[in-house]
$ cat coords.json   # JSON, C-alpha atoms
[["chain", "number", "residue", "atom", "x", "y", "z"],
["I", 48, "MET", "CA", 9.35, 21.18, 23.43],
["I", 49, "SER", "CA", 8.15, 24.72, 24.08],
["I", 50, "THR", "CA", 9.53, 27.67, 22.17],
["I", 51, "PRO", "CA", 11.94, 29.46, 24.54],
["I", 52, "PRO", "CA", 10.62, 32.92, 25.46],
["I", 53, "ASN", "CA", 13.54, 34.78, 23.86],
["I", 54, "ASN", "CA", 13.70, 32.58, 20.79],
["I", 55, "LYS", "CA", 11.54, 34.12, 18.07],
["I", 56, "PRO", "CA", 12.90, 32.72, 14.82],
["I", 57, "LEU", "CA", 9.90, 34.05, 12.86],
["I", 58, "LYS", "CA", 10.04, 37.60, 14.19],
["I", 59, "ASN", "CA", 9.39, 40.01, 11.30],
["I", 60, "LYS", "CA", 7.89, 37.16, 9.25],
["I", 61, "VAL", "CA", 4.33, 37.33, 7.95],
["I", 62, "ALA", "CA", 2.09, 34.27, 7.65],
["I", 63, "LEU", "CA", -1.39, 33.60, 6.33],
["I", 64, "VAL", "CA", -3.18, 30.58, 7.74],
["I", 65, "ALA", "CA", -6.24, 30.06, 5.56],
["I", 66, "GLY", "CA", -8.78, 28.02, 7.49],
["I", 67, "ALA", "CA", -7.62, 28.79, 11.03],
["I", 68, "THR", "CA", -10.83, 28.86, 13.04],
["I", 69, "ARG", "CA", -10.25, 25.49, 14.71],
["I", 70, "GLY", "CA", -8.36, 22.21, 14.49],
["I", 71, "ALA", "CA", -5.01, 22.04, 12.75],
["I", 72, "GLY", "CA", -5.35, 25.57, 11.38],
["I", 73, "ARG", "CA", -5.69, 27.05, 14.84],
["I", 74, "GLY", "CA", -2.80, 24.95, 16.17],
["I", 75, "ILE", "CA", -0.58, 26.08, 13.29],
["I", 76, "ALA", "CA", -1.49, 29.74, 13.73],
["I", 77, "VAL", "CA", -0.74, 29.65, 17.46],
["I", 78, "GLU", "CA", 2.65, 27.99, 17.00],
["I", 79, "LEU", "CA", 3.63, 30.44, 14.28],
["I", 80, "GLY", "CA", 2.70, 33.16, 16.73],
["I", 81, "ALA", "CA", 4.78, 31.51, 19.46],
["I", 82, "ALA", "CA", 7.73, 31.73, 17.08],
["I", 83, "GLY", "CA", 7.14, 35.48, 16.73],
["I", 84, "ALA", "CA", 5.27, 35.74, 13.42],
["I", 85, "THR", "CA", 2.54, 38.13, 12.43],
["I", 86, "VAL", "CA", -0.27, 35.76, 11.49],
["I", 87, "TYR", "CA", -3.33, 36.59, 9.43],
["I", 88, "VAL", "CA", -6.01, 34.00, 10.16],
["I", 89, "THR", "CA", -9.05, 33.43, 7.98],
["I", 90, "GLY", "CA", -12.25, 31.46, 8.14],
["I", 91, "ARG", "CA", -16.01, 31.91, 8.12],
["I", 92, "SER", "CA", -16.93, 31.47, 11.81],
["I", 93, "THR", "CA", -16.84, 34.77, 13.65],
["I", 94, "ARG", "CA", -18.25, 36.08, 16.92],
["I", 95, "GLU", "CA", -21.10, 37.58, 14.93],
["I", 96, "ARG", "CA", -21.83, 34.70, 12.57],
["I", 97, "ARG", "CA", -21.21, 30.97, 12.44],
["I", 98, "SER", "CA", -20.54, 28.92, 9.33],
["I", 99, "GLU", "CA", -22.65, 25.86, 8.50],
["I", 100, "TYR", "CA", -20.49, 23.93, 10.97],
["I", 101, "ASP", "CA", -22.40, 25.81, 13.68],
["I", 102, "ARG", "CA", -19.46, 25.45, 16.06],
["I", 103, "PRO", "CA", -18.51, 27.76, 18.96],
["I", 104, "GLU", "CA", -14.90, 28.34, 17.86],
["I", 105, "THR", "CA", -14.34, 31.73, 16.25],
["I", 106, "LEU", "CA", -11.71, 33.33, 14.08],
["I", 107, "GLU", "CA", -11.26, 36.16, 16.58],
["I", 108, "ASP", "CA", -10.49, 33.64, 19.32],
["I", 109, "THR", "CA", -7.73, 32.17, 17.15],
["I", 110, "ALA", "CA", -6.23, 35.60, 16.56],
["I", 111, "ASP", "CA", -6.26, 36.28, 20.32],
["I", 112, "LEU", "CA", -4.49, 32.97, 20.97],
["I", 113, "VAL", "CA", -1.81, 33.87, 18.43],
["I", 114, "THR", "CA", -1.17, 37.16, 20.18],
["I", 115, "GLU", "CA", -1.16, 35.53, 23.62],
["I", 116, "ALA", "CA", 1.43, 33.05, 22.35],
["I", 117, "GLY", "CA", 3.79, 35.88, 21.49],
["I", 118, "GLY", "CA", 2.95, 36.80, 17.92],
["I", 119, "HIS", "CA", 0.49, 39.21, 16.35],
["I", 120, "GLY", "CA", -2.82, 37.64, 15.36],
["I", 121, "ILE", "CA", -5.04, 39.37, 12.82],
["I", 122, "ALA", "CA", -8.48, 37.92, 12.06],
["I", 123, "VAL", "CA", -9.85, 38.52, 8.56],
["I", 124, "PRO", "CA", -13.18, 36.77, 7.88],
["I", 125, "THR", "CA", -12.86, 35.31, 4.38],
["I", 126, "ASP", "CA", -14.74, 32.86, 2.20],
["I", 127, "HIS", "CA", -11.96, 31.32, 0.09],
["I", 128, "LEU", "CA", -14.47, 30.21, -2.55],
["I", 129, "GLU", "CA", -14.94, 33.89, -3.39],
["I", 130, "PRO", "CA", -11.95, 35.22, -5.36],
["I", 131, "ALA", "CA", -12.91, 38.83, -4.67],
["I", 132, "GLN", "CA", -12.74, 38.23, -0.92],
["I", 133, "VAL", "CA", -9.37, 36.50, -1.21],
["I", 134, "LYS", "CA", -8.02, 39.32, -3.37],
["I", 135, "THR", "CA", -9.14, 41.86, -0.76],
["I", 136, "LEU", "CA", -7.37, 39.81, 1.91],
["I", 137, "VAL", "CA", -4.11, 39.60, -0.05],
["I", 138, "ASP", "CA", -4.26, 43.30, -0.95],
["I", 139, "ARG", "CA", -4.64, 44.09, 2.75],
["I", 140, "ILE", "CA", -1.60, 41.98, 3.69],
["I", 141, "ALA", "CA", 0.42, 43.65, 0.92],
["I", 142, "GLU", "CA", -0.60, 47.12, 2.09],
["I", 143, "GLU", "CA", -0.05, 46.47, 5.79],
["I", 144, "GLN", "CA", 3.05, 44.25, 5.64],
["I", 145, "GLY", "CA", 4.53, 44.47, 2.15],
["I", 146, "ARG", "CA", 5.34, 40.76, 2.22],
["I", 147, "LEU", "CA", 4.06, 37.24, 2.80],
["I", 148, "ASP", "CA", 6.55, 34.63, 3.98],
["I", 149, "VAL", "CA", 4.35, 31.65, 4.86],
["I", 150, "LEU", "CA", 1.07, 30.52, 3.30],
["I", 151, "VAL", "CA", -0.76, 27.64, 4.95],
["I", 152, "ASN", "CA", -3.75, 26.29, 3.03],
["I", 153, "ASP", "CA", -5.79, 24.47, 5.65],
["I", 154, "ILE", "CA", -9.23, 25.19, 4.21],
["I", 155, "TRP", "CA", -11.47, 22.13, 4.45],
["I", 156, "GLY", "CA", -15.06, 22.50, 5.62],
["I", 157, "GLY", "CA", -16.12, 19.03, 4.55],
["I", 158, "GLU", "CA", -16.69, 17.23, 7.86],
["I", 159, "LYS", "CA", -20.46, 17.18, 7.45],
["I", 160, "LEU", "CA", -20.47, 16.54, 3.71],
["I", 161, "PHE", "CA", -19.00, 13.08, 3.19],
["I", 162, "GLU", "CA", -20.82, 9.82, 3.85],
["I", 163, "TRP", "CA", -18.75, 6.97, 5.27],
["I", 164, "GLU", "CA", -18.65, 3.93, 2.98],
["I", 165, "SER", "CA", -21.15, 5.32, 0.46],
["I", 166, "PRO", "CA", -20.03, 4.60, -3.11],
["I", 167, "VAL", "CA", -20.05, 7.54, -5.49],
["I", 168, "TRP", "CA", -23.40, 6.59, -7.07],
["I", 169, "GLU", "CA", -25.12, 6.54, -3.65],
["I", 170, "HIS", "CA", -23.34, 9.53, -2.12],
["I", 171, "ASP", "CA", -25.28, 12.81, -2.16],
["I", 172, "LEU", "CA", -23.95, 14.50, -5.29],
["I", 173, "ASP", "CA", -24.40, 18.10, -4.15],
["I", 174, "ASN", "CA", -22.56, 17.38, -0.91],
["I", 175, "GLY", "CA", -19.77, 15.59, -2.73],
["I", 176, "LEU", "CA", -19.26, 18.37, -5.23],
["I", 177, "ARG", "CA", -19.33, 21.02, -2.50],
["I", 178, "LEU", "CA", -16.73, 19.02, -0.57],
["I", 179, "LEU", "CA", -14.45, 19.14, -3.60],
["I", 180, "ARG", "CA", -15.00, 22.85, -4.01],
["I", 181, "LEU", "CA", -14.23, 23.54, -0.37],
["I", 182, "ALA", "CA", -11.21, 21.24, -0.21],
["I", 183, "VAL", "CA", -9.60, 21.85, -3.61],
["I", 184, "GLU", "CA", -10.98, 24.92, -5.36],
["I", 185, "THR", "CA", -10.38, 27.12, -2.30],
["I", 186, "HIS", "CA", -6.71, 26.14, -2.27],
["I", 187, "ALA", "CA", -6.33, 26.88, -5.98],
["I", 188, "ILE", "CA", -7.98, 30.29, -5.63],
["I", 189, "THR", "CA", -5.83, 31.21, -2.64],
["I", 190, "ASN", "CA", -2.61, 30.11, -4.33],
["I", 191, "HIS", "CA", -3.48, 32.00, -7.50],
["I", 192, "LEU", "CA", -4.03, 35.25, -5.65],
["I", 193, "ALA", "CA", -1.51, 35.00, -2.80],
["I", 194, "LEU", "CA", 1.59, 33.57, -4.46],
["I", 195, "PRO", "CA", 2.63, 36.76, -6.30],
["I", 196, "LEU", "CA", 2.96, 38.43, -2.89],
["I", 197, "LEU", "CA", 4.80, 35.47, -1.40],
["I", 198, "LEU", "CA", 7.26, 35.52, -4.32],
["I", 199, "ARG", "CA", 8.24, 39.14, -3.73],
["I", 200, "HIS", "CA", 10.91, 37.94, -1.31],
["I", 201, "PRO", "CA", 12.99, 34.74, -1.62],
["I", 202, "GLY", "CA", 12.53, 31.90, 0.83],
["I", 203, "GLY", "CA", 8.74, 31.77, 0.96],
["I", 204, "LEU", "CA", 6.96, 28.62, 2.14],
["I", 205, "VAL", "CA", 3.60, 27.15, 1.10],
["I", 206, "VAL", "CA", 2.11, 24.36, 3.21],
["I", 207, "GLU", "CA", -0.78, 22.39, 1.74],
["I", 208, "MET", "CA", -2.60, 20.64, 4.59],
["I", 209, "THR", "CA", -4.17, 17.26, 3.88],
["I", 210, "ASP", "CA", -4.96, 13.92, 5.50],
["I", 211, "GLY", "CA", -2.51, 11.11, 4.86],
["I", 212, "THR", "CA", 0.90, 10.94, 3.28],
["I", 213, "ALA", "CA", 1.35, 10.47, -0.44],
["I", 214, "GLU", "CA", 2.68, 6.97, 0.17],
["I", 215, "TYR", "CA", -0.24, 5.97, 2.38],
["I", 216, "ASN", "CA", -2.96, 7.50, 0.24],
["I", 217, "ALA", "CA", -1.55, 5.93, -2.93],
["I", 218, "ALA", "CA", -2.06, 2.48, -1.42],
["I", 219, "ASN", "CA", -5.22, 2.97, 0.65],
["I", 220, "TYR", "CA", -8.81, 3.96, -0.11],
["I", 221, "ARG", "CA", -9.73, 6.90, 2.09],
["I", 222, "ALA", "CA", -13.32, 6.68, 3.34],
["I", 223, "THR", "CA", -15.30, 7.70, 0.22],
["I", 224, "PHE", "CA", -14.76, 8.63, -3.43],
["I", 225, "PHE", "CA", -15.07, 12.34, -2.69],
["I", 226, "TYR", "CA", -12.93, 12.35, 0.45],
["I", 227, "ASP", "CA", -10.26, 10.23, -1.23],
["I", 228, "LEU", "CA", -10.19, 12.50, -4.26],
["I", 229, "ALA", "CA", -10.01, 15.67, -2.18],
["I", 230, "LYS", "CA", -7.11, 14.60, -0.01],
["I", 231, "SER", "CA", -5.14, 13.11, -2.89],
["I", 232, "SER", "CA", -5.70, 16.27, -4.95],
["I", 233, "VAL", "CA", -4.11, 18.42, -2.26],
["I", 234, "LEU", "CA", -1.08, 16.13, -2.15],
["I", 235, "ARG", "CA", -0.68, 16.52, -5.89],
["I", 236, "MET", "CA", -1.20, 20.26, -5.59],
["I", 237, "ALA", "CA", 1.86, 20.55, -3.36],
["I", 238, "PHE", "CA", 3.86, 18.46, -5.84],
["I", 239, "ALA", "CA", 2.85, 20.75, -8.71],
["I", 240, "LEU", "CA", 3.52, 23.89, -6.69],
["I", 241, "GLY", "CA", 6.97, 22.56, -5.89],
["I", 242, "HIS", "CA", 7.78, 22.54, -9.61],
["I", 243, "GLU", "CA", 6.46, 26.05, -10.10],
["I", 244, "LEU", "CA", 7.84, 27.66, -6.92],
["I", 245, "GLY", "CA", 11.20, 25.93, -6.59],
["I", 246, "PRO", "CA", 12.89, 27.69, -9.53],
["I", 247, "ARG", "CA", 11.52, 30.98, -8.20],
["I", 248, "GLY", "CA", 13.08, 30.71, -4.76],
["I", 249, "ALA", "CA", 10.13, 29.35, -2.75],
["I", 250, "THR", "CA", 9.17, 25.97, -1.33],
["I", 251, "ALA", "CA", 5.89, 24.02, -1.31],
["I", 252, "VAL", "CA", 5.12, 20.94, 0.78],
["I", 253, "ALA", "CA", 2.12, 18.81, 1.66],
["I", 254, "LEU", "CA", 1.71, 18.16, 5.38],
["I", 255, "THR", "CA", -0.57, 15.82, 7.30],
["I", 256, "PRO", "CA", -1.17, 15.61, 11.03],
["I", 257, "GLY", "CA", -1.77, 12.22, 12.59],
["I", 258, "TRP", "CA", -4.97, 11.35, 14.43],
["I", 259, "LEU", "CA", -5.87, 14.87, 15.44],
["I", 260, "ARG", "CA", -7.52, 15.71, 18.74],
["I", 261, "SER", "CA", -9.44, 18.57, 17.20],
["I", 262, "GLU", "CA", -12.37, 20.18, 18.93],
["I", 263, "MET", "CA", -14.79, 18.26, 16.73],
["I", 264, "MET", "CA", -13.02, 14.94, 17.28],
["I", 265, "LEU", "CA", -13.03, 15.38, 21.06],
["I", 266, "ASP", "CA", -16.70, 16.31, 21.03],
["I", 267, "GLY", "CA", -17.48, 13.29, 18.87],
["I", 268, "TYR", "CA", -15.94, 11.00, 21.46],
["I", 269, "GLY", "CA", -17.54, 12.87, 24.37],
["I", 270, "VAL", "CA", -14.20, 13.83, 25.94],
["I", 271, "THR", "CA", -12.02, 16.91, 26.41],
["I", 272, "GLU", "CA", -8.32, 17.48, 25.98],
["I", 273, "GLU", "CA", -7.95, 16.96, 29.72],
["I", 274, "ASN", "CA", -9.58, 13.52, 29.80],
["I", 275, "TRP", "CA", -9.15, 12.34, 26.19],
["I", 276, "ARG", "CA", -7.78, 8.99, 27.30],
["I", 277, "ASP", "CA", -11.25, 8.11, 28.59],
["I", 278, "ALA", "CA", -12.13, 7.41, 24.93],
["I", 279, "LEU", "CA", -9.58, 4.61, 24.64],
["I", 280, "ASP", "CA", -11.94, 1.94, 25.99],
["I", 281, "ARG", "CA", -14.11, 2.49, 22.90],
["I", 282, "VAL", "CA", -11.40, 3.52, 20.41],
["I", 283, "PRO", "CA", -8.11, 1.96, 21.55],
["I", 284, "HIS", "CA", -6.01, 3.22, 18.65],
["I", 285, "PHE", "CA", -6.91, 6.79, 19.63],
["I", 286, "ALA", "CA", -3.93, 6.37, 21.95],
["I", 287, "ILE", "CA", -1.67, 7.53, 19.12],
["I", 288, "SER", "CA", -3.56, 10.83, 18.73],
["I", 289, "GLU", "CA", -1.98, 14.26, 18.92],
["I", 290, "THR", "CA", -2.96, 17.85, 19.65],
["I", 291, "PRO", "CA", -3.32, 20.44, 16.86],
["I", 292, "ARG", "CA", -0.30, 22.22, 18.31],
["I", 293, "TYR", "CA", 1.94, 19.31, 17.29],
["I", 294, "VAL", "CA", 1.43, 19.88, 13.57],
["I", 295, "GLY", "CA", 1.64, 23.59, 14.37],
["I", 296, "ARG", "CA", 5.15, 23.04, 15.65],
["I", 297, "ALA", "CA", 5.93, 21.16, 12.46],
["I", 298, "VAL", "CA", 4.95, 24.20, 10.36],
["I", 299, "ALA", "CA", 6.87, 26.59, 12.63],
["I", 300, "ALA", "CA", 9.97, 24.39, 12.32],
["I", 301, "LEU", "CA", 9.69, 24.31, 8.54],
["I", 302, "ALA", "CA", 9.19, 28.07, 8.37],
["I", 303, "ALA", "CA", 12.30, 28.69, 10.50],
["I", 304, "ASP", "CA", 14.50, 26.25, 8.57],
["I", 305, "PRO", "CA", 16.88, 28.06, 6.19],
["I", 306, "ASP", "CA", 17.29, 24.77, 4.32],
["I", 307, "VAL", "CA", 13.56, 24.06, 3.95],
["I", 308, "ALA", "CA", 13.96, 23.84, 0.16],
["I", 309, "ARG", "CA", 15.28, 20.29, 0.65],
["I", 310, "PHE", "CA", 11.63, 19.28, 1.18],
["I", 311, "ASN", "CA", 10.27, 21.05, -1.89],
["I", 312, "GLY", "CA", 7.34, 19.17, -3.45],
["I", 313, "GLU", "CA", 7.38, 16.44, -0.81],
["I", 314, "SER", "CA", 4.69, 14.89, 1.37],
["I", 315, "LEU", "CA", 5.47, 15.24, 5.08],
["I", 316, "SER", "CA", 3.85, 14.33, 8.39],
["I", 317, "SER", "CA", 3.95, 15.84, 11.87],
["I", 318, "GLY", "CA", 5.56, 12.66, 13.20],
["I", 319, "SER", "CA", 8.32, 12.54, 10.60],
["I", 320, "LEU", "CA", 9.15, 16.22, 11.10],
["I", 321, "ALA", "CA", 9.25, 15.77, 14.87],
["I", 322, "ARG", "CA", 12.07, 13.29, 14.33],
["I", 323, "THR", "CA", 13.84, 15.70, 12.01],
["I", 324, "TYR", "CA", 13.54, 18.83, 14.11],
["I", 325, "GLY", "CA", 13.26, 17.42, 17.64],
["I", 326, "PHE", "CA", 10.01, 19.08, 18.74],
["I", 327, "THR", "CA", 7.37, 17.30, 20.81],
["I", 328, "ASP", "CA", 3.66, 17.54, 21.43],
["I", 329, "LEU", "CA", 2.39, 19.51, 24.42],
["I", 330, "ASP", "CA", 2.76, 16.51, 26.73],
["I", 331, "GLY", "CA", 6.39, 15.96, 25.77],
["I", 332, "SER", "CA", 5.65, 12.90, 23.62],
["I", 333, "ARG", "CA", 6.48, 12.49, 19.95],
["I", 334, "PRO", "CA", 3.65, 10.52, 18.28],
["I", 335, "ASP", "CA", 4.38, 9.04, 14.87],
["I", 336, "ALA", "CA", 0.83, 8.27, 13.82],
["I", 337, "TRP", "CA", 1.31, 7.27, 10.19],
["I", 338, "ARG", "CA", 4.02, 4.74, 11.00],
["I", 339, "TYR", "CA", 1.73, 3.41, 13.75],
["I", 340, "VAL", "CA", -1.24, 3.16, 11.39],
["I", 341, "VAL", "CA", 0.73, 1.11, 8.88],
["I", 342, "GLU", "CA", 2.56, -1.13, 11.35],
["I", 343, "VAL", "CA", -0.04, -1.57, 14.10],
["I", 344, "GLN", "CA", -3.57, -0.43, 13.30],
["I", 345, "ASP", "CA", -3.85, -1.62, 9.69],
["I", 346, "THR", "CA", -2.25, -4.97, 10.46],
["I", 347, "GLY", "CA", -4.90, -5.72, 13.08],
["I", 348, "LYS", "CA", -2.56, -5.66, 16.06],
["I", 349, "PRO", "CA", -3.89, -4.55, 19.46],
["I", 350, "ALA", "CA", -3.37, -0.91, 20.35],
["I", 351, "ASP", "CA", 0.11, -0.36, 21.72],
["I", 352, "THR", "CA", 1.94, 2.93, 21.20],
["I", 353, "THR", "CA", 5.24, 1.66, 22.60],
["I", 354, "GLY", "CA", 7.93, 2.95, 20.29],
["I", 355, "TYR", "CA", 5.50, 5.21, 18.41],
["I", 356, "ARG", "CA", 5.22, 8.23, 20.73]]

$ encode --input "coords.json" --output "structure tokens"
Amino acid sequence: MSTPPNNKPLKNKVALVAGATRGAGRGIAVELGAAGATVYVTGRSTRERRSEYDRPETLEDTADLVTEAGGHGIAVPTDHLEPAQVKTLVDRIAEEQGRLDVLVNDIWGGEKLFEWESPVWEHDLDNGLRLLRLAVETHAITNHLALPLLLRHPGGLVVEMTDGTAEYNAANYRATFFYDLAKSSVLRMAFALGHELGPRGATAVALTPGWLRSEMMLDGYGVTEENWRDALDRVPHFAISETPRYVGRAVAALAADPDVARFNGESLSSGSLARTYGFTDLDGSRPDAWRYVVEVQDTGKPADTTGYR
């Protein structure tokens, strides 16, 4: 479901998407822009300098996509492990806008740091500890410094991005000690924020996409968004995957919902919110990846998305 051209429910709203260079962060920023928001996007990969990911996507490109979608994209290169840089960012938003309505913590940076199936005593310790710093400490720093601005006006929304729902992660080991700990910590962070923000007129949620067709995922399978189904011969369950714009539409729907406080402190998924709000992915489908994972993939059934998208 596309946002109608004259329907800008987030016009005059200000958002910060921390970690918006690529993947879910970029998809979220673009969809917030499509809904009319002014969106500050942060990350470490710029047209002048790449992060250790050494990827071609840049923060400036994300900002341009936000503006093209109908919003106002503003790129602010920021290392969210550096409190001084985050404070400068928040001070700039306060000076230029006087408010912050939506904060999305999508900072991650750990794709190249975790080792599949390596137990904690065999996993590279420096990489594991850096993963935790990038995935957890950055969120804590950003919340500490940005939430006073968000609380200036009632109705603010904080979205903590993670991988997996609280229910799924509580019952399933996620890849490695460090990865598991990082993603579960972010879920708990949203729960804690819900207790602190709720009485003060704001809402915090944890949100997970399904199997995301991010730029890195597509490259890893040697396909593009146009021919992604070519990967299904090797990875059949990839059939349930979704674009980053799908979870972006989930965030835009939450941000536009005057009754969003009903979700305060909860763990949500793109698929569950699609059912609630009625949006679809770019192809018009409505994938429900986490229900599919539990009922099809994890039970060893053959790939079949019938009834799941």

$ closest_atom_pairs --input "coords.json" --of "stretch 243-268 of chain I" --to "stretch 61-83 of chain I" --cutoff "9 Å" --atoms "all atoms listed in the file" --output "CSV"
residue,atom,partner,partner_atom,distance
I:Pro256,CA,I:Ala71,CA,7.7
I:Leu259,CA,I:Ala71,CA,7.7
I:Arg260,CA,I:Gly70,CA,7.8
I:Ser261,CA,I:Gly70,CA,4.7
I:Glu262,CA,I:Gly70,CA,6.3
I:Met263,CA,I:Gly70,CA,7.9

$ atom_distance --input "coords.json" --atom1 "atom CA of I:Leu178" --atom2 "atom CA of I:Gly157"
5.2 Å

$ residues_near_point --input "coords.json" --point "(-19.3, 26.7, 21.7)" --cutoff "12 Å" --atoms "all atoms listed in the file" --output "list of chain:residue names"
I:Arg69, I:Ser92, I:Thr93, I:Arg94, I:Arg97, I:Tyr100, I:Asp101, I:Arg102, I:Pro103, I:Glu104, I:Thr105, I:Asp108, I:Glu262, I:Met263, I:Asp266

$ atom_distance --input "coords.json" --atom1 "atom CA of I:Thr114" --atom2 "atom CA of I:Glu143"
17.2 Å

$ closest_residue --input "coords.json" --among "I:Asp351, I:Glu129, I:Asp148, I:Glu158" --to "I:Glu99" --atoms "only C-alpha atoms"
I:Glu158

$ closest_residue --input "coords.json" --among "I:Pro291, I:Gly245, I:Gly175, I:Gly203" --to "I:Leu228" --atoms "only C-alpha atoms"
I:Gly175

$ atom_distance --input "coords.json" --atom1 "atom CA of I:Arg221" --atom2 "atom CA of I:Leu234"
13.3 Å
